[in-house]
Each structure stands twice: as C-alpha cells, then as structure tokens.
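Worksheet for the structure shown next.
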Amino acid sequence: MGNHIYKKIELIGASPNSSDEAVQNAIAKASQSLRNLRWFEVVETRGQIEEGRVAHWQVTIKVGFTLEA
C-alpha cells in the first residue's frame, strides 16, 4: 500500500423509504462527480414525522476519498 492523501466531505442524503437508502442516494450522487470514493461514516440520522409515522429520512455522512497525484 502506497502513501495516500485523503479528503473528507460532508453530505446529506434523503429518502422517503429508509436511512440506508438515504446513505445510498448520497453516495450515488457524489460518485457522479467525485472519483476514488473509499469510505463513509454516519454522523447524524433524523427524520420527518407525518400522521404519527416516519415520512422521510435524512442522513448526514462524511465521505472520504483519495486525492490524485
């Protein structure tokens, strides 16, 4: 393994279905414009409640990627 330099950014993914899908949505969108995505960490999970039920999920994640030489 060589020397790598990483950058970490914060993203917020959203989904009406699940927190997992919110994470997947954020990563899928980020991968359209960023290369070398390596890992993520969940920072915060929150949701919207409507009529006594979870109506929407928002998940804040930090995504790490390697910088190109």
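Each chain of the structure tokens is named A, B, ... in the order shown, its residues numbered from 1; ligands are numbered from 1 in display order.
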
Check your understanding: Any idea what's packed within 9 Å of A:Ala22, counting only C-alpha atoms, ignoring anything in its chain fewer than 2 positions away? Could you give it as a PyMOL selection string?
Key -> chain A and resi 12-20+24-27+57-60

Exercise for review: Using DSSP on the backbone coordinates, identify all residues within chain A classified as strand (DSSP E or B); present the result as a VMD selection string.
Suggested key: chain A and resid 6 to 15 37 to 50 53 to 66

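Going from atom CA of A:Glu68 over to atom CA of A:Val43, you cover 25.8 Å.
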
Exercise for review: Could you give me the residues within chain A that DSSP places in helix (DSSP H, G or I), as a PyMOL selection string?
Suggested key: chain A and resi 19-30

Expected file contents, prior selection, all heavy atoms, as a PDB file, in the first residue's frame:
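Done, and the output landed in part.pdb:
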ATOM      1  N   SER A  19     -33.247   4.899   6.123  1.00  0.00           N
ATOM      2  CA  SER A  19     -31.971   5.577   6.350  1.00  0.00           C
ATOM      3  C   SER A  19     -30.888   4.972   5.460  1.00  0.00           C
ATOM      4  O   SER A  19     -30.022   5.691   4.964  1.00  0.00           O
ATOM      5  CB  SER A  19     -31.573   5.500   7.823  1.00  0.00           C
ATOM      6  OG  SER A  19     -31.471   4.162   8.252  1.00  0.00           O
ATOM      7  N   ASP A  20     -30.929   3.658   5.257  1.00  0.00           N
ATOM      8  CA  ASP A  20     -29.950   3.023   4.365  1.00  0.00           C
ATOM      9  C   ASP A  20     -30.053   3.574   2.947  1.00  0.00           C
ATOM     10  O   ASP A  20     -29.035   3.843   2.304  1.00  0.00           O
ATOM     11  CB  ASP A  20     -30.152   1.505   4.329  1.00  0.00           C
ATOM     12  CG  ASP A  20     -29.701   0.825   5.603  1.00  0.00           C
ATOM     13  OD1 ASP A  20     -29.004   1.456   6.411  1.00  0.00           O
ATOM     14  OD2 ASP A  20     -30.046  -0.350   5.780  1.00  0.00           O
ATOM     15  N   GLU A  21     -31.266   3.746   2.461  1.00  0.00           N
ATOM     16  CA  GLU A  21     -31.444   4.293   1.113  1.00  0.00           C
ATOM     17  C   GLU A  21     -30.967   5.741   1.044  1.00  0.00           C
ATOM     18  O   GLU A  21     -30.418   6.175   0.030  1.00  0.00           O
ATOM     19  CB  GLU A  21     -32.903   4.201   0.688  1.00  0.00           C
ATOM     20  CG  GLU A  21     -33.121   4.614  -0.763  1.00  0.00           C
ATOM     21  CD  GLU A  21     -34.541   4.365  -1.223  1.00  0.00           C
ATOM     22  OE1 GLU A  21     -34.846   3.217  -1.585  1.00  0.00           O
ATOM     23  OE2 GLU A  21     -35.344   5.335  -1.193  1.00  0.00           O
ATOM     24  N   ALA A  22     -31.140   6.497   2.124  1.00  0.00           N
ATOM     25  CA  ALA A  22     -30.647   7.877   2.159  1.00  0.00           C
ATOM     26  C   ALA A  22     -29.134   7.908   2.005  1.00  0.00           C
ATOM     27  O   ALA A  22     -28.590   8.738   1.274  1.00  0.00           O
ATOM     28  CB  ALA A  22     -31.079   8.561   3.459  1.00  0.00           C
ATOM     29  N   VAL A  23     -28.431   6.987   2.672  1.00  0.00           N
ATOM     30  CA  VAL A  23     -26.971   6.887   2.537  1.00  0.00           C
ATOM     31  C   VAL A  23     -26.607   6.510   1.106  1.00  0.00           C
ATOM     32  O   VAL A  23     -25.730   7.121   0.496  1.00  0.00           O
ATOM     33  CB  VAL A  23     -26.387   5.857   3.537  1.00  0.00           C
ATOM     34  CG1 VAL A  23     -24.925   5.575   3.238  1.00  0.00           C
ATOM     35  CG2 VAL A  23     -26.569   6.337   4.963  1.00  0.00           C
ATOM     36  N   GLN A  24     -27.282   5.503   0.563  1.00  0.00           N
ATOM     37  CA  GLN A  24     -27.015   5.069  -0.812  1.00  0.00           C
ATOM     38  C   GLN A  24     -27.231   6.209  -1.804  1.00  0.00           C
ATOM     39  O   GLN A  24     -26.448   6.382  -2.745  1.00  0.00           O
ATOM     40  CB  GLN A  24     -27.921   3.885  -1.184  1.00  0.00           C
ATOM     41  CG  GLN A  24     -27.624   2.623  -0.427  1.00  0.00           C
ATOM     42  CD  GLN A  24     -26.327   1.957  -0.851  1.00  0.00           C
ATOM     43  OE1 GLN A  24     -25.734   2.279  -1.872  1.00  0.00           O
ATOM     44  NE2 GLN A  24     -25.876   1.024  -0.038  1.00  0.00           N
ATOM     45  N   ASN A  25     -28.295   6.990  -1.609  1.00  0.00           N
ATOM     46  CA  ASN A  25     -28.574   8.120  -2.503  1.00  0.00           C
ATOM     47  C   ASN A  25     -27.458   9.159  -2.469  1.00  0.00           C
ATOM     48  O   ASN A  25     -27.053   9.680  -3.511  1.00  0.00           O
ATOM     49  CB  ASN A  25     -29.912   8.763  -2.156  1.00  0.00           C
ATOM     50  CG  ASN A  25     -31.090   7.879  -2.489  1.00  0.00           C
ATOM     51  OD1 ASN A  25     -30.979   6.927  -3.254  1.00  0.00           O
ATOM     52  ND2 ASN A  25     -32.243   8.170  -1.902  1.00  0.00           N
ATOM     53  N   ALA A  26     -26.971   9.464  -1.275  1.00  0.00           N
ATOM     54  CA  ALA A  26     -25.885  10.448  -1.150  1.00  0.00           C
ATOM     55  C   ALA A  26     -24.612   9.953  -1.837  1.00  0.00           C
ATOM     56  O   ALA A  26     -23.957  10.696  -2.568  1.00  0.00           O
ATOM     57  CB  ALA A  26     -25.611  10.749   0.322  1.00  0.00           C
ATOM     58  N   ILE A  27     -24.264   8.690  -1.624  1.00  0.00           N
ATOM     59  CA  ILE A  27     -23.054   8.136  -2.220  1.00  0.00           C
ATOM     60  C   ILE A  27     -23.191   8.040  -3.741  1.00  0.00           C
ATOM     61  O   ILE A  27     -22.257   8.359  -4.479  1.00  0.00           O
ATOM     62  CB  ILE A  27     -22.722   6.769  -1.596  1.00  0.00           C
ATOM     63  CG1 ILE A  27     -22.298   6.983  -0.142  1.00  0.00           C
ATOM     64  CG2 ILE A  27     -21.635   6.049  -2.380  1.00  0.00           C
ATOM     65  CD1 ILE A  27     -22.141   5.708   0.652  1.00  0.00           C
ATOM     66  N   ALA A  28     -24.348   7.622  -4.211  1.00  0.00           N
ATOM     67  CA  ALA A  28     -24.561   7.517  -5.665  1.00  0.00           C
ATOM     68  C   ALA A  28     -24.421   8.883  -6.338  1.00  0.00           C
ATOM     69  O   ALA A  28     -23.794   9.003  -7.389  1.00  0.00           O
ATOM     70  CB  ALA A  28     -25.940   6.923  -5.952  1.00  0.00           C
ATOM     71  N   LYS A  29     -24.986   9.915  -5.730  1.00  0.00           N
ATOM     72  CA  LYS A  29     -24.888  11.260  -6.308  1.00  0.00           C
ATOM     73  C   LYS A  29     -23.450  11.759  -6.267  1.00  0.00           C
ATOM     74  O   LYS A  29     -22.951  12.329  -7.241  1.00  0.00           O
ATOM     75  CB  LYS A  29     -25.822  12.214  -5.562  1.00  0.00           C
ATOM     76  CG  LYS A  29     -25.930  13.570  -6.173  1.00  0.00           C
ATOM     77  CD  LYS A  29     -26.588  13.505  -7.531  1.00  0.00           C
ATOM     78  CE  LYS A  29     -26.850  14.888  -8.078  1.00  0.00           C
ATOM     79  NZ  LYS A  29     -27.447  14.837  -9.419  1.00  0.00           N
ATOM     80  N   ALA A  30     -22.766  11.557  -5.151  1.00  0.00           N
ATOM     81  CA  ALA A  30     -21.369  12.006  -5.026  1.00  0.00           C
ATOM     82  C   ALA A  30     -20.482  11.310  -6.044  1.00  0.00           C
ATOM     83  O   ALA A  30     -19.564  11.925  -6.607  1.00  0.00           O
ATOM     84  CB  ALA A  30     -20.853  11.746  -3.615  1.00  0.00           C
TER      85      ALA A  30
END

Excluding A:Asn36 and its own-chain neighbours fewer than 3 positions away, which residues fall within 9 Å of it when counting only C-alpha atoms? Please give them as a PDB file with C-alpha atoms, in the first residue's frame.
ATOM      1  CA  SER A  31     -19.907   9.285  -7.254  1.00  0.00           C
ATOM      2  CA  GLY A  64     -13.547  10.002   2.333  1.00  0.00           C
ATOM      3  CA  PHE A  65     -11.767   9.766  -0.991  1.00  0.00           C
ATOM      4  CA  THR A  66      -8.175   9.660  -2.147  1.00  0.00           C
ATOM      5  CA  LEU A  67      -6.661  12.649  -3.890  1.00  0.00           C
ATOM      6  CA  GLU A  68      -4.972  12.034  -7.200  1.00  0.00           C
TER       7      GLU A  68
END

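Each of A:Ile5, A:Lys62, A:Val54, A:Glu10 was compared to A:Trp39 using only C-alpha atoms, and A:Lys62 turns out to be the nearest.
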